$ cat protein-v3.pdb   # PDB, C-alpha atoms
ATOM      1  CA  MET A  44      -4.168  -7.169  22.951
ATOM      2  CA  SER A  45      -5.160  -3.495  23.212
ATOM      3  CA  VAL A  46      -3.859  -0.622  21.143
ATOM      4  CA  ALA A  47      -1.638   1.978  22.836
ATOM      5  CA  VAL A  48      -1.270   5.462  21.354
ATOM      6  CA  SER A  49       1.706   7.631  22.251
ATOM      7  CA  THR A  50       3.339  10.831  21.069
ATOM      8  CA  PHE A  51       6.644  10.229  19.313
ATOM      9  CA  SER A  52       9.586  12.538  19.944
ATOM     10  CA  ALA A  53      12.303  13.267  17.382
ATOM     11  CA  GLU A  54      14.445  10.676  19.176
ATOM     12  CA  ASP A  55      11.636   8.099  18.935
ATOM     13  CA  ILE A  56      11.394   8.705  15.193
ATOM     14  CA  SER A  57      15.161   8.235  14.798
ATOM     15  CA  ASP A  58      15.061   5.059  16.875
ATOM     16  CA  HIS A  59      12.189   3.578  14.820
ATOM     17  CA  LEU A  60      13.064   4.699  11.265
ATOM     18  CA  GLY A  61      13.089   1.140   9.958
ATOM     19  CA  GLU A  62       9.687   0.265  11.373
ATOM     20  CA  LEU A  63       8.166   3.606  10.326
ATOM     21  CA  GLY A  64       9.609   3.112   6.857
ATOM     22  CA  ALA A  65       8.082  -0.361   6.695
ATOM     23  CA  LEU A  66       4.674   1.056   7.700
ATOM     24  CA  LEU A  67       4.751   3.752   5.025
ATOM     25  CA  HIS A  68       6.115   1.344   2.417
ATOM     26  CA  ALA A  69       3.337  -1.190   3.125
ATOM     27  CA  CYS A  70       0.623   1.482   2.998
ATOM     28  CA  VAL A  71       1.829   2.872  -0.342
ATOM     29  CA  HIS A  72       2.095  -0.636  -1.801
ATOM     30  CA  ASP A  73      -1.471  -1.283  -0.613
ATOM     31  CA  GLY A  74      -2.709   1.740  -2.607
ATOM     32  CA  ALA A  75      -2.863   4.465   0.048
ATOM     33  CA  SER A  76      -2.929   7.892  -1.566
ATOM     34  CA  ILE A  77      -0.652   9.687   0.871
ATOM     35  CA  GLY A  78       1.629  11.489  -1.553
ATOM     36  CA  PHE A  79       3.787   8.700  -2.956
ATOM     37  CA  VAL A  80       3.643   6.579  -6.110
ATOM     38  CA  LEU A  81       5.065   3.213  -7.092
ATOM     39  CA  PRO A  82       7.751   2.168  -7.487
ATOM     40  CA  TYR A  83       8.575   3.179  -3.927
ATOM     41  CA  ALA A  84      11.558   1.800  -2.029
ATOM     42  CA  GLN A  85      11.892   1.209   1.707
ATOM     43  CA  SER A  86      14.845   3.632   1.750
ATOM     44  CA  GLU A  87      12.610   6.400   0.337
ATOM     45  CA  ALA A  88      10.049   5.693   3.047
ATOM     46  CA  GLU A  89      12.672   5.984   5.775
ATOM     47  CA  ALA A  90      13.976   9.213   4.197
ATOM     48  CA  PHE A  91      10.461  10.696   4.405
ATOM     49  CA  TRP A  92      10.350  10.229   8.176
ATOM     50  CA  ARG A  93      13.929  11.420   8.684
ATOM     51  CA  ASP A  94      13.887  14.403   6.304
ATOM     52  CA  LYS A  95      10.259  15.597   6.322
ATOM     53  CA  VAL A  96       8.677  14.607   9.634
ATOM     54  CA  LEU A  97      11.506  14.527  12.165
ATOM     55  CA  PRO A  98      12.539  18.213  11.705
ATOM     56  CA  GLY A  99       8.978  19.433  12.390
ATOM     57  CA  VAL A 100       8.672  17.210  15.453
ATOM     58  CA  ARG A 101      12.039  18.500  16.666
ATOM     59  CA  THR A 102      10.911  22.168  16.356
ATOM     60  CA  GLY A 103       7.459  21.496  17.818
ATOM     61  CA  SER A 104       5.578  22.524  14.668
ATOM     62  CA  ARG A 105       4.428  18.917  14.142
ATOM     63  CA  THR A 106       3.085  16.312  16.555
ATOM     64  CA  MET A 107       3.240  12.647  15.609
ATOM     65  CA  LEU A 108       1.010  10.071  17.238
ATOM     66  CA  VAL A 109       1.780   6.376  16.941
ATOM     67  CA  ALA A 110      -0.505   3.414  17.622
ATOM     68  CA  ARG A 111       1.092   0.147  18.696
ATOM     69  CA  LYS A 112      -0.477  -3.266  18.795
ATOM     70  CA  ASP A 113       1.127  -6.654  19.381
ATOM     71  CA  GLY A 114       4.510  -4.965  19.798
ATOM     72  CA  ARG A 115       4.382  -3.349  16.347
ATOM     73  CA  ILE A 116       3.698   0.116  15.035
ATOM     74  CA  ALA A 117       0.198  -0.325  13.641
ATOM     75  CA  GLY A 118      -0.477   3.245  12.522
ATOM     76  CA  THR A 119       0.377   6.923  12.739
ATOM     77  CA  VAL A 120      -1.079  10.375  12.197
ATOM     78  CA  GLN A 121       0.431  13.836  12.364
ATOM     79  CA  LEU A 122      -0.856  17.212  13.516
ATOM     80  CA  GLY A 123       0.739  20.079  11.613
ATOM     81  CA  CYS A 124       0.702  23.327  13.601
ATOM     82  CA  ASP A 125       3.071  25.340  11.420
ATOM     83  CA  THR A 126       0.394  27.868  10.508
ATOM     84  CA  MET A 127       0.574  31.527   9.581
ATOM     85  CA  PRO A 128       0.346  34.175  12.349
ATOM     86  CA  ASN A 129      -3.352  34.793  11.590
ATOM     87  CA  GLN A 130      -4.165  31.072  12.065
ATOM     88  CA  PRO A 131      -2.936  30.086  15.543
ATOM     89  CA  HIS A 132      -6.276  28.339  16.117
ATOM     90  CA  ARG A 133      -5.909  25.967  13.127
ATOM     91  CA  ALA A 134      -3.949  22.777  12.431
ATOM     92  CA  ASP A 135      -3.663  20.265   9.595
ATOM     93  CA  VAL A 136      -4.272  16.529   9.843
ATOM     94  CA  ASN A 137      -1.484  14.795   7.912
ATOM     95  CA  LYS A 138      -0.675  11.271   6.811
ATOM     96  CA  LEU A 139      -3.158   9.123   8.694
ATOM     97  CA  MET A 140      -2.013   5.590   7.932
ATOM     98  CA  VAL A 141      -2.701   2.147   9.328
ATOM     99  CA  HIS A 142      -0.605  -0.849   8.321
ATOM    100  CA  PRO A 143      -2.629  -3.247   6.103
ATOM    101  CA  ASP A 144      -2.164  -5.997   8.745
ATOM    102  CA  PHE A 145      -4.099  -3.894  11.280
ATOM    103  CA  ARG A 146      -6.913  -2.390   9.209
ATOM    104  CA  ARG A 147     -10.581  -2.527  10.202
ATOM    105  CA  GLN A 148      -9.780  -2.699  13.923
ATOM    106  CA  GLY A 149     -10.670   0.885  14.871
ATOM    107  CA  ILE A 150      -7.060   2.088  14.915
ATOM    108  CA  ALA A 151      -7.587   4.981  12.477
ATOM    109  CA  GLN A 152     -10.556   6.202  14.514
ATOM    110  CA  LEU A 153      -8.554   5.919  17.748
ATOM    111  CA  LEU A 154      -5.644   7.861  16.233
ATOM    112  CA  MET A 155      -7.986  10.601  15.013
ATOM    113  CA  ARG A 156      -9.674  10.951  18.409
ATOM    114  CA  GLU A 157      -6.276  11.207  20.115
ATOM    115  CA  LEU A 158      -5.156  13.741  17.504
ATOM    116  CA  GLU A 159      -8.253  15.862  18.175
ATOM    117  CA  ALA A 160      -7.573  15.744  21.925
ATOM    118  CA  LYS A 161      -3.966  16.821  21.294
ATOM    119  CA  ALA A 162      -5.153  19.653  19.021
ATOM    120  CA  HIS A 163      -7.520  20.841  21.754
ATOM    121  CA  GLU A 164      -4.656  20.718  24.293
ATOM    122  CA  LEU A 165      -2.594  22.901  21.957
ATOM    123  CA  GLY A 166      -5.392  25.453  21.608
ATOM    124  CA  ARG A 167      -6.314  24.437  18.066
ATOM    125  CA  SER A 168     -10.054  24.646  17.395
ATOM    126  CA  LEU A 169     -10.148  24.040  13.625
ATOM    127  CA  LEU A 170      -8.703  20.995  11.874
ATOM    128  CA  THR A 171      -8.347  20.722   8.101
ATOM    129  CA  LEU A 172      -7.405  17.819   5.855
ATOM    130  CA  ASP A 173      -7.613  16.460   2.360
ATOM    131  CA  THR A 174      -8.239  12.904   1.259
ATOM    132  CA  ARG A 175      -8.533  11.158  -2.098
ATOM    133  CA  THR A 176     -12.146  11.429  -3.190
ATOM    134  CA  GLY A 177     -13.889   8.088  -2.805
ATOM    135  CA  ASP A 178     -11.078   6.638  -0.674
ATOM    136  CA  SER A 179     -11.908   4.475   2.357
ATOM    137  CA  ALA A 180     -10.779   7.304   4.672
ATOM    138  CA  GLU A 181     -13.456   9.712   3.439
ATOM    139  CA  PRO A 182     -16.382   7.993   5.238
ATOM    140  CA  LEU A 183     -14.223   7.653   8.367
ATOM    141  CA  TYR A 184     -13.670  11.417   8.474
ATOM    142  CA  THR A 185     -17.373  12.053   7.838
ATOM    143  CA  ALA A 186     -18.320   9.687  10.678
ATOM    144  CA  LEU A 187     -15.944  11.619  12.954
ATOM    145  CA  GLY A 188     -17.772  14.865  12.190
ATOM    146  CA  TYR A 189     -15.606  16.349   9.437
ATOM    147  CA  GLN A 190     -17.476  18.476   6.909
ATOM    148  CA  THR A 191     -16.723  18.530   3.191
ATOM    149  CA  VAL A 192     -15.782  21.917   1.773
ATOM    150  CA  GLY A 193     -15.398  20.748  -1.804
ATOM    151  CA  VAL A 194     -13.595  18.568  -4.287
ATOM    152  CA  ILE A 195     -10.605  19.500  -6.420
ATOM    153  CA  PRO A 196     -10.397  17.424  -9.609
ATOM    154  CA  ALA A 197      -7.144  16.024 -11.000
ATOM    155  CA  TYR A 198      -5.333  16.809  -7.747
ATOM    156  CA  ALA A 199      -2.804  13.964  -7.425
ATOM    157  CA  ARG A 200      -1.401  11.015  -9.357
ATOM    158  CA  ASP A 201      -2.748   7.566  -8.688
ATOM    159  CA  PRO A 202      -0.444   5.783  -6.174
ATOM    160  CA  PHE A 203       0.062   2.850  -8.543
ATOM    161  CA  GLY A 204       2.123   5.028 -10.870
ATOM    162  CA  SER A 205      -0.365   5.364 -13.697
ATOM    163  CA  ASN A 206      -1.003   8.697 -15.370
ATOM    164  CA  ARG A 207      -4.509   8.837 -13.876
ATOM    165  CA  LEU A 208      -5.152  11.917 -11.746
ATOM    166  CA  ASP A 209      -7.452  11.512  -8.738
ATOM    167  CA  ALA A 210      -9.614  14.172  -7.139
ATOM    168  CA  THR A 211      -9.175  15.209  -3.514
ATOM    169  CA  THR A 212     -11.862  16.123  -1.004
ATOM    170  CA  ILE A 213     -11.106  19.042   1.332
ATOM    171  CA  MET A 214     -12.621  18.671   4.819
ATOM    172  CA  TYR A 215     -12.655  20.470   8.174
ATOM    173  CA  LYS A 216     -13.854  20.029  11.729
ATOM    174  CA  LEU A 217     -14.488  22.629  14.410
ATOM    175  CA  LEU A 218     -13.474  21.241  17.802
TER     176      LEU A 218
END
$ encode --input "protein-v3.pdb" --output "structure tokens"
Amino acid sequence: MSVAVSTFSAEDISDHLGELGALLHACVHDGASIGFVLPYAQSEAEAFWRDKVLPGVRTGSRTMLVARKDGRIAGTVQLGCDTMPNQPHRADVNKLMVHPDFRRQGIAQLLMRELEAKAHELGRSLLTLDTRTGDSAEPLYTALGYQTVGVIPAYARDPFGSNRLDATTIMYKLL
């Protein structure tokens, strides 16, 4: 079955909080470094979508793309356009995640290509992001044409709740 990517509205997010929470919960438990550490409850994952993502989607400062496969939400990515007045040409790539059941099927690449098309539609010509240095997403971004600006050491805690601090790689792409 093919993968369908759509833009989620605030209402869509509200209607799918449970499934979005399950996606985020599974990704964090699989070791994704997307801002959360274990232990991490399903209720916290749902609260993230409701309290952090939904308001930005509602105001139009954030766009959320969702990939579906086999009737399930397989992955998501967000485009953050809440930039300062001197940066109307720039946007941030946030929280690219693919459920562990759907990895290595080209879904992350598809989501990123759709996100870039949406950014272009919105008049955004520069995309920025950060990713855990050495993470599996780093080569994906490089293959998609993102350039590395640099690495910040000791940027974020390891998602497994240890005291280890991981570096982050800052990247950009001109569209």
$ resolve_selection --input "protein-v3.pdb" --expression "the PyMOL selection byres ((chain A and resi 105) around 6)" --output "NGL selection string"
:A and (99-100 or 103-104 or 106 or 122-124)
$ closest_atom_pairs --input "protein-v3.pdb" --of "segment 103-189 of chain A" --to "segment 53-65 of chain A" --cutoff "10 Å" --atoms "only C-alpha atoms" --output "JSON lines"
{"residue": "A:Gly103", "atom": "CA", "partner": "A:Ala53", "partner_atom": "CA", "distance": 9.6}
{"residue": "A:Thr106", "atom": "CA", "partner": "A:Ala53", "partner_atom": "CA", "distance": 9.7}
{"residue": "A:Met107", "atom": "CA", "partner": "A:Ile56", "partner_atom": "CA", "distance": 9.1}
{"residue": "A:Val109", "atom": "CA", "partner": "A:Leu63", "partner_atom": "CA", "distance": 9.6}
{"residue": "A:Arg115", "atom": "CA", "partner": "A:Glu62", "partner_atom": "CA", "distance": 8.1}
{"residue": "A:Ile116", "atom": "CA", "partner": "A:Glu62", "partner_atom": "CA", "distance": 7.0}
{"residue": "A:Ala117", "atom": "CA", "partner": "A:Leu63", "partner_atom": "CA", "distance": 9.5}
{"residue": "A:Gly118", "atom": "CA", "partner": "A:Leu63", "partner_atom": "CA", "distance": 8.9}
{"residue": "A:Thr119", "atom": "CA", "partner": "A:Leu63", "partner_atom": "CA", "distance": 8.8}
{"residue": "A:His142", "atom": "CA", "partner": "A:Ala65", "partner_atom": "CA", "distance": 8.9}
$ atom_distance --input "protein-v3.pdb" --atom1 "atom CA of Asp73 of chain A" --atom2 "atom CA of Phe51 of chain A"
24.4 Å
$ residues_near_point --input "protein-v3.pdb" --point "(3.4, -1.3, 2.7)" --cutoff "10 Å" --atoms "all atoms listed in the file" --output "list in words"
Gly64, Ala65, Leu66, Leu67, His68, Ala69, Cys70, Val71, His72, Asp73, Gly74, Ala75, Tyr83, Ala84, Gln85, Ala88, Val141, His142, Pro143 and Asp144 of chain A
$ residues_near_point --input "protein-v3.pdb" --point "(-10.9, 20.6, 16.4)" --cutoff "10 Å" --atoms "all atoms listed in the file" --output "PDB file with C-alpha atoms, in the frame of the given file"
ATOM      1  CA  HIS A 132      -6.276  28.339  16.117  1.00  0.00           C
ATOM      2  CA  ARG A 133      -5.909  25.967  13.127  1.00  0.00           C
ATOM      3  CA  ALA A 134      -3.949  22.777  12.431  1.00  0.00           C
ATOM      4  CA  ASP A 135      -3.663  20.265   9.595  1.00  0.00           C
ATOM      5  CA  ARG A 156      -9.674  10.951  18.409  1.00  0.00           C
ATOM      6  CA  LEU A 158      -5.156  13.741  17.504  1.00  0.00           C
ATOM      7  CA  GLU A 159      -8.253  15.862  18.175  1.00  0.00           C
ATOM      8  CA  ALA A 160      -7.573  15.744  21.925  1.00  0.00           C
ATOM      9  CA  LYS A 161      -3.966  16.821  21.294  1.00  0.00           C
ATOM     10  CA  ALA A 162      -5.153  19.653  19.021  1.00  0.00           C
ATOM     11  CA  HIS A 163      -7.520  20.841  21.754  1.00  0.00           C
ATOM     12  CA  GLY A 166      -5.392  25.453  21.608  1.00  0.00           C
ATOM     13  CA  ARG A 167      -6.314  24.437  18.066  1.00  0.00           C
ATOM     14  CA  SER A 168     -10.054  24.646  17.395  1.00  0.00           C
ATOM     15  CA  LEU A 169     -10.148  24.040  13.625  1.00  0.00           C
ATOM     16  CA  LEU A 170      -8.703  20.995  11.874  1.00  0.00           C
ATOM     17  CA  THR A 171      -8.347  20.722   8.101  1.00  0.00           C
ATOM     18  CA  GLY A 188     -17.772  14.865  12.190  1.00  0.00           C
ATOM     19  CA  TYR A 189     -15.606  16.349   9.437  1.00  0.00           C
ATOM     20  CA  TYR A 215     -12.655  20.470   8.174  1.00  0.00           C
ATOM     21  CA  LYS A 216     -13.854  20.029  11.729  1.00  0.00           C
ATOM     22  CA  LEU A 217     -14.488  22.629  14.410  1.00  0.00           C
ATOM     23  CA  LEU A 218     -13.474  21.241  17.802  1.00  0.00           C
TER      24      LEU A 218
END
$ resolve_selection --input "protein-v3.pdb" --expression "the PyMOL selection byres ((chain A and resi 173) around 8)" --output "list in words"
Thr171, Leu172, Thr174, Arg175, Thr211, Thr212, Ile213 and Met214 of chain A
$ atom_distance --input "protein-v3.pdb" --atom1 "atom CA of Asp113 of chain A" --atom2 "atom CA of Ser45 of chain A"
8.0 Å
$ closest_residue --input "protein-v3.pdb" --among "A:Val120, A:Ser179, A:Pro128, A:Val192" --to "Arg146 of chain A" --atoms "only C-alpha atoms"
A:Ser179
$ atom_distance --input "protein-v3.pdb" --atom1 "atom CA of Leu108 of chain A" --atom2 "atom CA of Gln121 of chain A"
6.2 Å
